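So the structure is just underneath, and the comments pick up after that.
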Amino acid sequence: MRRNPQGGVRLRPVDLARPHGLSTQAVRNYEDAGILPPAERTVHGYRAYTPLHAQALRAFLALVRGHGHQTATSIMRAVNRGATEDALRLIDESHAQLLDDRRTLQAVQAALRDLAPLPQERGDTFIGPLARRLGLRPATLRKWENAGLIRPRRDPRTGYRVYSAADVRDARLAHQLRRGGYLLEQIAPLIAQVRSAGGVAPLESTLRDWATRLSARGRAMLAGAAALDAYLGGDQG
(Lines give C-alpha, C1' and ligand atoms only; values in the text may rest on other atoms or scores of the structure.)
Protein backbone atom coordinates (compact mmCIF):
# COMPACT_ATOMS: atom_id res chain seq x y z
CA MET A 1 0.00 0.00 0.00
CA ARG A 2 1.42 3.37 -1.03
CA ARG A 3 0.25 6.96 -1.33
CA ASN A 4 0.34 8.48 -4.79
CA PRO A 5 1.73 11.99 -5.36
CA GLN A 6 -1.77 13.45 -5.14
CA GLY A 7 -2.20 12.10 -1.61
CA GLY A 8 -4.59 9.25 -2.44
CA VAL A 9 -4.03 5.70 -1.29
CA ARG A 10 -2.75 3.33 -3.96
CA LEU A 11 -3.36 -0.38 -3.42
CA ARG A 12 -1.64 -3.27 -5.12
CA PRO A 13 -3.53 -6.44 -6.12
CA VAL A 14 -2.01 -8.22 -3.13
CA ASP A 15 -3.40 -5.54 -0.79
CA LEU A 16 -6.92 -6.40 -1.99
CA ALA A 17 -6.35 -10.14 -2.14
CA ARG A 18 -4.65 -10.88 1.18
CA PRO A 19 -7.49 -9.93 3.59
CA HIS A 20 -9.83 -12.36 1.81
CA GLY A 21 -7.40 -15.21 1.26
CA LEU A 22 -7.50 -14.66 -2.50
CA SER A 23 -4.76 -14.81 -5.07
CA THR A 24 -3.67 -11.65 -6.85
CA GLN A 25 -4.72 -13.29 -10.11
CA ALA A 26 -8.25 -13.64 -8.75
CA VAL A 27 -8.35 -9.89 -8.13
CA ARG A 28 -7.16 -9.22 -11.68
CA ASN A 29 -9.78 -11.65 -12.99
CA TYR A 30 -12.50 -9.87 -11.06
CA GLU A 31 -11.48 -6.57 -12.63
CA ASP A 32 -11.40 -8.11 -16.10
CA ALA A 33 -14.89 -9.56 -15.48
CA GLY A 34 -16.31 -6.14 -14.53
CA ILE A 35 -16.81 -7.08 -10.88
CA LEU A 36 -14.34 -4.37 -9.90
CA PRO A 37 -14.23 -1.01 -11.67
CA PRO A 38 -11.26 -0.50 -13.99
CA ALA A 39 -8.04 0.34 -12.20
CA GLU A 40 -5.67 3.09 -13.20
CA ARG A 41 -2.20 2.08 -14.33
CA THR A 42 1.13 3.33 -13.09
CA VAL A 43 3.75 4.64 -15.46
CA HIS A 44 5.20 1.13 -15.43
CA GLY A 45 1.86 -0.46 -16.34
CA TYR A 46 1.00 -1.86 -12.92
CA ARG A 47 -2.58 -1.77 -11.67
CA ALA A 48 -3.22 0.91 -9.06
CA TYR A 49 -6.28 0.15 -6.99
CA THR A 50 -7.98 2.43 -4.46
CA PRO A 51 -10.01 1.89 -1.27
CA LEU A 52 -13.10 2.02 -3.50
CA HIS A 53 -11.87 -1.10 -5.30
CA ALA A 54 -11.42 -2.77 -1.91
CA GLN A 55 -15.02 -1.81 -1.07
CA ALA A 56 -16.22 -3.28 -4.37
CA LEU A 57 -14.43 -6.54 -3.62
CA ARG A 58 -15.96 -6.70 -0.14
CA ALA A 59 -19.41 -6.06 -1.62
CA PHE A 60 -18.98 -8.78 -4.24
CA LEU A 61 -17.78 -11.43 -1.80
CA ALA A 62 -20.65 -10.58 0.56
CA LEU A 63 -23.17 -10.79 -2.27
CA VAL A 64 -21.84 -14.18 -3.35
CA ARG A 65 -22.73 -15.70 0.01
CA GLY A 66 -26.38 -14.71 -0.32
CA HIS A 67 -27.05 -14.63 -4.05
CA GLY A 68 -24.53 -17.00 -5.58
CA HIS A 69 -21.57 -16.24 -7.83
CA GLN A 70 -23.49 -15.68 -11.07
CA THR A 71 -26.06 -13.27 -9.65
CA ALA A 72 -23.43 -11.43 -7.58
CA THR A 73 -21.33 -10.98 -10.72
CA SER A 74 -24.31 -9.59 -12.63
CA ILE A 75 -25.13 -7.20 -9.78
CA MET A 76 -21.60 -5.81 -9.62
CA ARG A 77 -21.32 -5.47 -13.39
CA ALA A 78 -24.57 -3.51 -13.45
CA VAL A 79 -23.40 -1.22 -10.64
CA ASN A 80 -20.04 -0.59 -12.26
CA ARG A 81 -21.59 0.37 -15.58
CA GLY A 82 -23.94 2.79 -13.81
CA ALA A 83 -27.08 0.65 -14.18
CA THR A 84 -28.03 0.68 -10.50
CA GLU A 85 -31.70 -0.03 -11.22
CA ASP A 86 -30.72 -3.22 -13.05
CA ALA A 87 -28.65 -4.26 -10.03
CA LEU A 88 -31.55 -3.63 -7.66
CA ARG A 89 -33.89 -5.62 -9.90
CA LEU A 90 -31.51 -8.58 -9.75
CA ILE A 91 -31.48 -8.34 -5.96
CA ASP A 92 -35.29 -8.19 -5.88
CA GLU A 93 -35.51 -11.30 -8.06
CA SER A 94 -33.14 -13.15 -5.77
CA HIS A 95 -35.20 -12.18 -2.72
CA ALA A 96 -38.35 -13.32 -4.54
CA GLN A 97 -36.74 -16.72 -5.13
CA LEU A 98 -35.89 -16.97 -1.44
CA LEU A 99 -39.51 -16.17 -0.57
CA ASP A 100 -40.72 -18.86 -2.97
CA ASP A 101 -38.35 -21.35 -1.35
CA ARG A 102 -39.67 -20.41 2.10
CA ARG A 103 -43.27 -20.89 0.95
CA THR A 104 -42.41 -24.29 -0.51
CA LEU A 105 -40.79 -25.30 2.77
CA GLN A 106 -43.83 -24.16 4.73
CA ALA A 107 -46.14 -26.12 2.42
CA VAL A 108 -44.04 -29.25 2.83
CA GLN A 109 -43.97 -28.86 6.63
CA ALA A 110 -47.74 -28.36 6.73
CA ALA A 111 -48.30 -31.39 4.50
CA LEU A 112 -46.13 -33.58 6.71
CA ARG A 113 -48.18 -32.66 9.75
CA ASP A 114 -51.30 -33.90 7.95
CA LEU A 115 -49.86 -37.29 6.98
CA ALA A 116 -50.86 -40.60 8.47
CA PRO A 117 -48.08 -43.23 8.75
CA LEU A 118 -47.40 -44.90 5.42
CA PRO A 119 -47.13 -48.71 5.30
CA GLN A 120 -43.89 -50.29 4.18
CA GLU A 121 -44.23 -51.26 0.53
CA ARG A 122 -42.64 -54.28 -1.13
CA GLY A 123 -42.23 -55.44 -4.68
CA ASP A 124 -43.47 -54.14 -8.01
CA THR A 125 -47.03 -53.75 -9.21
CA PHE A 126 -48.96 -52.53 -12.23
CA ILE A 127 -51.38 -49.68 -12.75
CA GLY A 128 -54.59 -51.74 -12.39
CA PRO A 129 -53.78 -53.40 -9.08
CA LEU A 130 -52.38 -50.16 -7.66
CA ALA A 131 -55.46 -48.20 -8.69
CA ARG A 132 -57.70 -50.77 -7.00
CA ARG A 133 -55.64 -50.69 -3.79
CA LEU A 134 -55.97 -46.92 -3.59
CA GLY A 135 -59.58 -46.79 -4.75
CA LEU A 136 -58.66 -44.67 -7.77
CA ARG A 137 -59.12 -44.83 -11.51
CA PRO A 138 -56.03 -45.68 -13.60
CA ALA A 139 -56.53 -42.36 -15.37
CA THR A 140 -55.85 -40.58 -12.06
CA LEU A 141 -52.51 -42.34 -11.68
CA ARG A 142 -51.62 -41.38 -15.25
CA LYS A 143 -52.53 -37.77 -14.46
CA TRP A 144 -50.28 -37.84 -11.39
CA GLU A 145 -47.50 -39.28 -13.51
CA ASN A 146 -47.87 -36.41 -16.01
CA ALA A 147 -47.63 -33.99 -13.07
CA GLY A 148 -44.39 -35.62 -11.91
CA LEU A 149 -45.81 -37.04 -8.69
CA ILE A 150 -44.99 -40.64 -9.55
CA ARG A 151 -42.45 -41.99 -12.03
CA PRO A 152 -43.09 -45.64 -12.89
CA ARG A 153 -40.71 -47.33 -15.28
CA ARG A 154 -41.87 -49.15 -18.41
CA ASP A 155 -41.54 -52.88 -18.94
CA PRO A 156 -39.22 -53.13 -21.97
CA ARG A 157 -41.18 -56.06 -23.46
CA THR A 158 -44.77 -54.98 -22.91
CA GLY A 159 -44.49 -51.22 -22.40
CA TYR A 160 -46.68 -51.50 -19.28
CA ARG A 161 -46.07 -49.19 -16.36
CA VAL A 162 -44.27 -50.89 -13.48
CA TYR A 163 -44.59 -49.27 -10.05
CA SER A 164 -41.74 -49.92 -7.60
CA ALA A 165 -42.17 -49.84 -3.83
CA ALA A 166 -41.01 -46.20 -3.86
CA ASP A 167 -43.55 -45.39 -6.59
CA VAL A 168 -46.33 -46.97 -4.53
CA ARG A 169 -45.19 -44.95 -1.50
CA ASP A 170 -45.33 -41.76 -3.57
CA ALA A 171 -48.78 -42.66 -4.91
CA ARG A 172 -50.08 -43.29 -1.39
CA LEU A 173 -48.58 -40.02 -0.22
CA ALA A 174 -50.14 -38.12 -3.12
CA HIS A 175 -53.49 -39.81 -2.40
CA GLN A 176 -53.39 -38.72 1.25
CA LEU A 177 -52.53 -35.17 0.35
CA ARG A 178 -55.20 -34.93 -2.33
CA ARG A 179 -57.79 -36.09 0.21
CA GLY A 180 -56.43 -33.38 2.50
CA GLY A 181 -57.23 -30.74 -0.10
CA TYR A 182 -53.75 -30.15 -1.49
CA LEU A 183 -53.35 -29.24 -5.15
CA LEU A 184 -51.05 -31.16 -7.48
CA GLU A 185 -48.67 -28.19 -7.73
CA GLN A 186 -48.46 -28.14 -3.93
CA ILE A 187 -47.85 -31.87 -3.72
CA ALA A 188 -45.08 -32.03 -6.33
CA PRO A 189 -42.39 -30.30 -4.20
CA LEU A 190 -43.18 -32.58 -1.26
CA ILE A 191 -42.90 -35.74 -3.35
CA ALA A 192 -39.58 -34.49 -4.72
CA GLN A 193 -38.29 -33.93 -1.20
CA VAL A 194 -39.46 -37.37 -0.07
CA ARG A 195 -37.63 -38.98 -3.01
CA SER A 196 -34.39 -37.13 -2.33
CA ALA A 197 -34.57 -37.93 1.39
CA GLY A 198 -35.34 -41.61 0.78
CA GLY A 199 -38.69 -41.57 2.58
CA VAL A 200 -40.94 -39.56 4.86
CA ALA A 201 -39.10 -40.22 8.15
CA PRO A 202 -35.69 -38.93 6.99
CA LEU A 203 -37.42 -35.91 5.47
CA GLU A 204 -37.90 -34.24 8.86
CA SER A 205 -34.15 -33.90 9.29
CA THR A 206 -33.85 -32.72 5.69
CA LEU A 207 -36.45 -30.02 6.31
CA ARG A 208 -34.63 -28.78 9.40
CA ASP A 209 -31.44 -28.50 7.36
CA TRP A 210 -33.36 -26.78 4.58
CA ALA A 211 -34.80 -24.22 7.03
CA THR A 212 -31.33 -23.57 8.44
CA ARG A 213 -29.93 -22.98 4.96
CA LEU A 214 -32.74 -20.59 4.06
CA SER A 215 -32.15 -18.59 7.25
CA ALA A 216 -28.43 -18.43 6.56
CA ARG A 217 -29.13 -17.30 3.01
CA GLY A 218 -31.45 -14.57 4.24
CA ARG A 219 -28.83 -13.32 6.72
CA ALA A 220 -26.19 -13.39 4.01
CA MET A 221 -28.42 -11.32 1.75
CA LEU A 222 -28.71 -8.70 4.49
CA ALA A 223 -24.92 -8.59 4.86
CA GLY A 224 -24.54 -8.34 1.10
CA ALA A 225 -27.04 -5.48 0.94
CA ALA A 226 -25.11 -3.56 3.60
CA ALA A 227 -21.79 -4.05 1.82
CA LEU A 228 -23.28 -3.04 -1.53
CA ASP A 229 -24.92 0.02 -0.02
CA ALA A 230 -21.55 1.10 1.39
CA TYR A 231 -19.99 0.68 -2.04
CA LEU A 232 -22.78 2.59 -3.75
CA GLY A 233 -22.29 5.40 -1.24
CA GLY A 234 -18.57 5.53 -1.96
CA ASP A 235 -17.72 4.72 1.66
CA GLN A 236 -13.99 4.02 1.49
CA GLY A 237 -13.44 3.53 5.19
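So you can find residues: chains in the C-alpha coordinates are A, B, ... in the order shown, residues in each start at 1, and ligands are numbered from 1 in order.
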For region 10-111 of chain A against region 173-197 of chain A, with a cut-off of 9 Å and counting only C-alpha atoms, what is the closest atom pair and its distance in Å to one decimal for every residue that makes the cut, ordered by chain and number, as a Markdown table?
```
| residue | atom | partner | partner_atom | distance |
| --- | --- | --- | --- | --- |
| A:Thr104 | CA | A:Pro189 | CA | 7.1 |
| A:Leu105 | CA | A:Leu190 | CA | 8.6 |
| A:Ala107 | CA | A:Gln186 | CA | 7.1 |
| A:Val108 | CA | A:Leu190 | CA | 5.3 |
| A:Gln109 | CA | A:Leu190 | CA | 8.8 |
| A:Ala111 | CA | A:Leu177 | CA | 7.0 |
```
- Message: Using DSSP secondary structure from the backbone, list all strand (DSSP E or B) positions within region 22-227 of chain A, as a VMD selection string.
- Response: chain A and resid 40 to 41 47 to 49 125 153 to 154 161 to 163
Kindly save the residues from that selection, with all heavy atoms included, as an mmCIF file, in the first residue's frame.
```
data_model
loop_
_atom_site.group_PDB
_atom_site.id
_atom_site.type_symbol
_atom_site.label_atom_id
_atom_site.label_comp_id
_atom_site.auth_asym_id
_atom_site.auth_seq_id
_atom_site.Cartn_x
_atom_site.Cartn_y
_atom_site.Cartn_z
ATOM 1 N N GLU A 40 -6.653 2.283 -12.481
ATOM 2 C CA GLU A 40 -5.673 3.089 -13.195
ATOM 3 C C GLU A 40 -4.359 2.313 -13.284
ATOM 4 O O GLU A 40 -4.141 1.340 -12.563
ATOM 5 C CB GLU A 40 -5.454 4.422 -12.478
ATOM 6 C CG GLU A 40 -6.686 5.321 -12.485
ATOM 7 C CD GLU A 40 -6.401 6.664 -11.834
ATOM 8 O OE1 GLU A 40 -5.228 6.879 -11.391
ATOM 9 O OE2 GLU A 40 -7.317 7.485 -11.755
ATOM 10 N N ARG A 41 -3.499 2.734 -14.166
ATOM 11 C CA ARG A 41 -2.204 2.079 -14.331
ATOM 12 C C ARG A 41 -1.084 3.053 -13.982
ATOM 13 O O ARG A 41 -1.169 4.253 -14.237
ATOM 14 C CB ARG A 41 -2.024 1.623 -15.786
ATOM 15 C CG ARG A 41 -3.038 0.603 -16.250
ATOM 16 C CD ARG A 41 -2.717 -0.776 -15.720
ATOM 17 N NE ARG A 41 -3.655 -1.790 -16.186
ATOM 18 C CZ ARG A 41 -3.332 -3.035 -16.429
ATOM 19 N NH1 ARG A 41 -2.082 -3.452 -16.234
ATOM 20 N NH2 ARG A 41 -4.244 -3.901 -16.825
ATOM 21 N N ARG A 47 -1.252 -2.208 -12.112
ATOM 22 C CA ARG A 47 -2.579 -1.775 -11.667
ATOM 23 C C ARG A 47 -2.465 -1.008 -10.352
ATOM 24 O O ARG A 47 -1.768 -1.437 -9.438
ATOM 25 C CB ARG A 47 -3.501 -2.984 -11.469
ATOM 26 C CG ARG A 47 -3.960 -3.657 -12.758
ATOM 27 C CD ARG A 47 -4.734 -4.921 -12.423
ATOM 28 N NE ARG A 47 -5.438 -5.473 -13.564
ATOM 29 C CZ ARG A 47 -4.918 -6.330 -14.431
ATOM 30 N NH1 ARG A 47 -3.650 -6.725 -14.281
ATOM 31 N NH2 ARG A 47 -5.627 -6.785 -15.441
ATOM 32 N N ALA A 48 -3.193 0.101 -10.274
ATOM 33 C CA ALA A 48 -3.220 0.909 -9.056
ATOM 34 C C ALA A 48 -4.660 0.973 -8.565
ATOM 35 O O ALA A 48 -5.489 1.694 -9.119
ATOM 36 C CB ALA A 48 -2.675 2.310 -9.329
ATOM 37 N N TYR A 49 -4.939 0.176 -7.547
ATOM 38 C CA TYR A 49 -6.280 0.148 -6.987
ATOM 39 C C TYR A 49 -6.421 1.208 -5.892
ATOM 40 O O TYR A 49 -5.428 1.770 -5.414
ATOM 41 C CB TYR A 49 -6.597 -1.235 -6.422
ATOM 42 C CG TYR A 49 -6.667 -2.319 -7.471
ATOM 43 C CD1 TYR A 49 -5.709 -3.336 -7.517
ATOM 44 C CD2 TYR A 49 -7.688 -2.338 -8.408
ATOM 45 C CE1 TYR A 49 -5.774 -4.336 -8.477
ATOM 46 C CE2 TYR A 49 -7.762 -3.333 -9.366
ATOM 47 C CZ TYR A 49 -6.796 -4.336 -9.399
ATOM 48 O OH TYR A 49 -6.857 -5.320 -10.349
ATOM 49 N N THR A 125 -45.631 -53.519 -8.854
ATOM 50 C CA THR A 125 -47.031 -53.745 -9.209
ATOM 51 C C THR A 125 -47.335 -52.963 -10.469
ATOM 52 O O THR A 125 -46.498 -52.182 -10.958
ATOM 53 C CB THR A 125 -47.974 -53.333 -8.061
ATOM 54 O OG1 THR A 125 -49.307 -53.751 -8.370
ATOM 55 C CG2 THR A 125 -47.956 -51.824 -7.846
ATOM 56 N N ARG A 153 -41.490 -46.960 -14.097
ATOM 57 C CA ARG A 153 -40.711 -47.329 -15.281
ATOM 58 C C ARG A 153 -41.606 -48.117 -16.226
ATOM 59 O O ARG A 153 -42.725 -48.502 -15.876
ATOM 60 C CB ARG A 153 -39.493 -48.154 -14.890
ATOM 61 C CG ARG A 153 -39.795 -49.541 -14.383
ATOM 62 C CD ARG A 153 -38.513 -50.262 -13.988
ATOM 63 N NE ARG A 153 -38.739 -51.675 -13.680
ATOM 64 C CZ ARG A 153 -39.177 -52.138 -12.523
ATOM 65 N NH1 ARG A 153 -39.427 -51.292 -11.537
ATOM 66 N NH2 ARG A 153 -39.356 -53.442 -12.337
ATOM 67 N N ARG A 154 -41.124 -48.367 -17.425
ATOM 68 C CA ARG A 154 -41.871 -49.145 -18.407
ATOM 69 C C ARG A 154 -41.225 -50.516 -18.593
ATOM 70 O O ARG A 154 -39.990 -50.609 -18.688
ATOM 71 C CB ARG A 154 -41.903 -48.417 -19.747
ATOM 72 C CG ARG A 154 -42.647 -47.089 -19.729
ATOM 73 C CD ARG A 154 -44.143 -47.298 -19.740
ATOM 74 N NE ARG A 154 -44.865 -46.026 -19.810
ATOM 75 C CZ ARG A 154 -46.027 -45.874 -20.428
ATOM 76 N NH1 ARG A 154 -46.597 -46.918 -21.022
ATOM 77 N NH2 ARG A 154 -46.634 -44.707 -20.432
ATOM 78 N N ARG A 161 -46.655 -49.900 -17.498
ATOM 79 C CA ARG A 161 -46.071 -49.189 -16.364
ATOM 80 C C ARG A 161 -45.814 -50.176 -15.228
ATOM 81 O O ARG A 161 -46.693 -50.975 -14.891
ATOM 82 C CB ARG A 161 -46.998 -48.072 -15.878
ATOM 83 C CG ARG A 161 -47.166 -46.915 -16.855
ATOM 84 C CD ARG A 161 -48.277 -45.987 -16.378
ATOM 85 N NE ARG A 161 -48.359 -44.774 -17.171
ATOM 86 C CZ ARG A 161 -49.042 -44.684 -18.327
ATOM 87 N NH1 ARG A 161 -49.675 -45.752 -18.807
ATOM 88 N NH2 ARG A 161 -49.060 -43.546 -18.995
ATOM 89 N N VAL A 162 -44.633 -50.055 -14.622
ATOM 90 C CA VAL A 162 -44.272 -50.886 -13.482
ATOM 91 C C VAL A 162 -43.970 -49.960 -12.310
ATOM 92 O O VAL A 162 -43.071 -49.118 -12.392
ATOM 93 C CB VAL A 162 -43.055 -51.784 -13.784
ATOM 94 C CG1 VAL A 162 -42.709 -52.643 -12.572
ATOM 95 C CG2 VAL A 162 -43.317 -52.654 -15.001
ATOM 96 N N TYR A 163 -44.718 -50.128 -11.216
ATOM 97 C CA TYR A 163 -44.586 -49.267 -10.052
ATOM 98 C C TYR A 163 -43.742 -49.980 -9.000
ATOM 99 O O TYR A 163 -44.115 -51.049 -8.505
ATOM 100 C CB TYR A 163 -45.958 -48.920 -9.476
ATOM 101 C CG TYR A 163 -46.814 -48.106 -10.412
ATOM 102 C CD1 TYR A 163 -47.551 -48.735 -11.411
ATOM 103 C CD2 TYR A 163 -46.862 -46.728 -10.314
ATOM 104 C CE1 TYR A 163 -48.331 -47.999 -12.296
ATOM 105 C CE2 TYR A 163 -47.646 -45.976 -11.187
ATOM 106 C CZ TYR A 163 -48.369 -46.623 -12.182
ATOM 107 O OH TYR A 163 -49.140 -45.883 -13.053
#
```
- Message: Report, in Å to a single decimal, how far apart CA of Asp209 (chain A) and CA of Ala226 (chain A) are.
- Response: 26.0 Å
Proximity of region 44-72 of chain A to region 7-30 of chain A: per-residue shortest pair, 9 Å limit, only C-alpha atoms, as a tab-separated table:
```
residue	atom	partner	partner_atom	distance
A:Tyr46	CA	A:Arg12	CA	8.3
A:Arg47	CA	A:Arg12	CA	6.8
A:Ala48	CA	A:Arg10	CA	5.7
A:Tyr49	CA	A:Leu11	CA	4.6
A:Thr50	CA	A:Arg10	CA	5.3
A:Pro51	CA	A:Val9	CA	7.1
A:His53	CA	A:Leu16	CA	8.0
A:Ala54	CA	A:Leu16	CA	5.8
A:Leu57	CA	A:Leu16	CA	7.7
A:Arg58	CA	A:His20	CA	8.6
A:Leu61	CA	A:His20	CA	8.8
```
Taking N, CA and C atoms for each residue, export the selection above as an mmCIF file, in the first residue's frame.
```
data_model
loop_
_atom_site.group_PDB
_atom_site.id
_atom_site.type_symbol
_atom_site.label_atom_id
_atom_site.label_comp_id
_atom_site.auth_asym_id
_atom_site.auth_seq_id
_atom_site.Cartn_x
_atom_site.Cartn_y
_atom_site.Cartn_z
ATOM 1 N N TYR A 46 1.577 -1.070 -13.997
ATOM 2 C CA TYR A 46 0.996 -1.859 -12.919
ATOM 3 C C TYR A 46 -0.384 -1.311 -12.551
ATOM 4 N N ARG A 47 -1.252 -2.208 -12.112
ATOM 5 C CA ARG A 47 -2.579 -1.775 -11.667
ATOM 6 C C ARG A 47 -2.465 -1.008 -10.352
ATOM 7 N N ALA A 48 -3.193 0.101 -10.274
ATOM 8 C CA ALA A 48 -3.220 0.909 -9.056
ATOM 9 C C ALA A 48 -4.660 0.973 -8.565
ATOM 10 N N TYR A 49 -4.939 0.176 -7.547
ATOM 11 C CA TYR A 49 -6.280 0.148 -6.987
ATOM 12 C C TYR A 49 -6.421 1.208 -5.892
ATOM 13 N N THR A 50 -7.671 1.455 -5.501
ATOM 14 C CA THR A 50 -7.983 2.433 -4.458
ATOM 15 C C THR A 50 -8.838 1.766 -3.392
ATOM 16 N N PRO A 51 -9.082 2.447 -2.264
ATOM 17 C CA PRO A 51 -10.006 1.885 -1.269
ATOM 18 C C PRO A 51 -11.396 1.596 -1.828
ATOM 19 N N HIS A 53 -11.975 0.249 -4.737
ATOM 20 C CA HIS A 53 -11.873 -1.099 -5.296
ATOM 21 C C HIS A 53 -11.958 -2.145 -4.178
ATOM 22 N N ALA A 54 -11.339 -1.849 -3.051
ATOM 23 C CA ALA A 54 -11.420 -2.767 -1.915
ATOM 24 C C ALA A 54 -12.863 -2.891 -1.435
ATOM 25 N N LEU A 57 -14.738 -5.124 -3.842
ATOM 26 C CA LEU A 57 -14.430 -6.536 -3.618
ATOM 27 C C LEU A 57 -15.174 -7.063 -2.395
ATOM 28 N N ARG A 58 -15.220 -6.275 -1.326
ATOM 29 C CA ARG A 58 -15.959 -6.703 -0.139
ATOM 30 C C ARG A 58 -17.439 -6.890 -0.459
ATOM 31 N N LEU A 61 -17.920 -10.198 -2.583
ATOM 32 C CA LEU A 61 -17.779 -11.426 -1.801
ATOM 33 C C LEU A 61 -18.947 -11.605 -0.840
#
```
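Distances from A:Ala225, A:Ser164, A:Ala171, A:Ile35 to Leu134 (chain A) were compared using only C-alpha atoms, and the smallest one belongs to A:Ala171.
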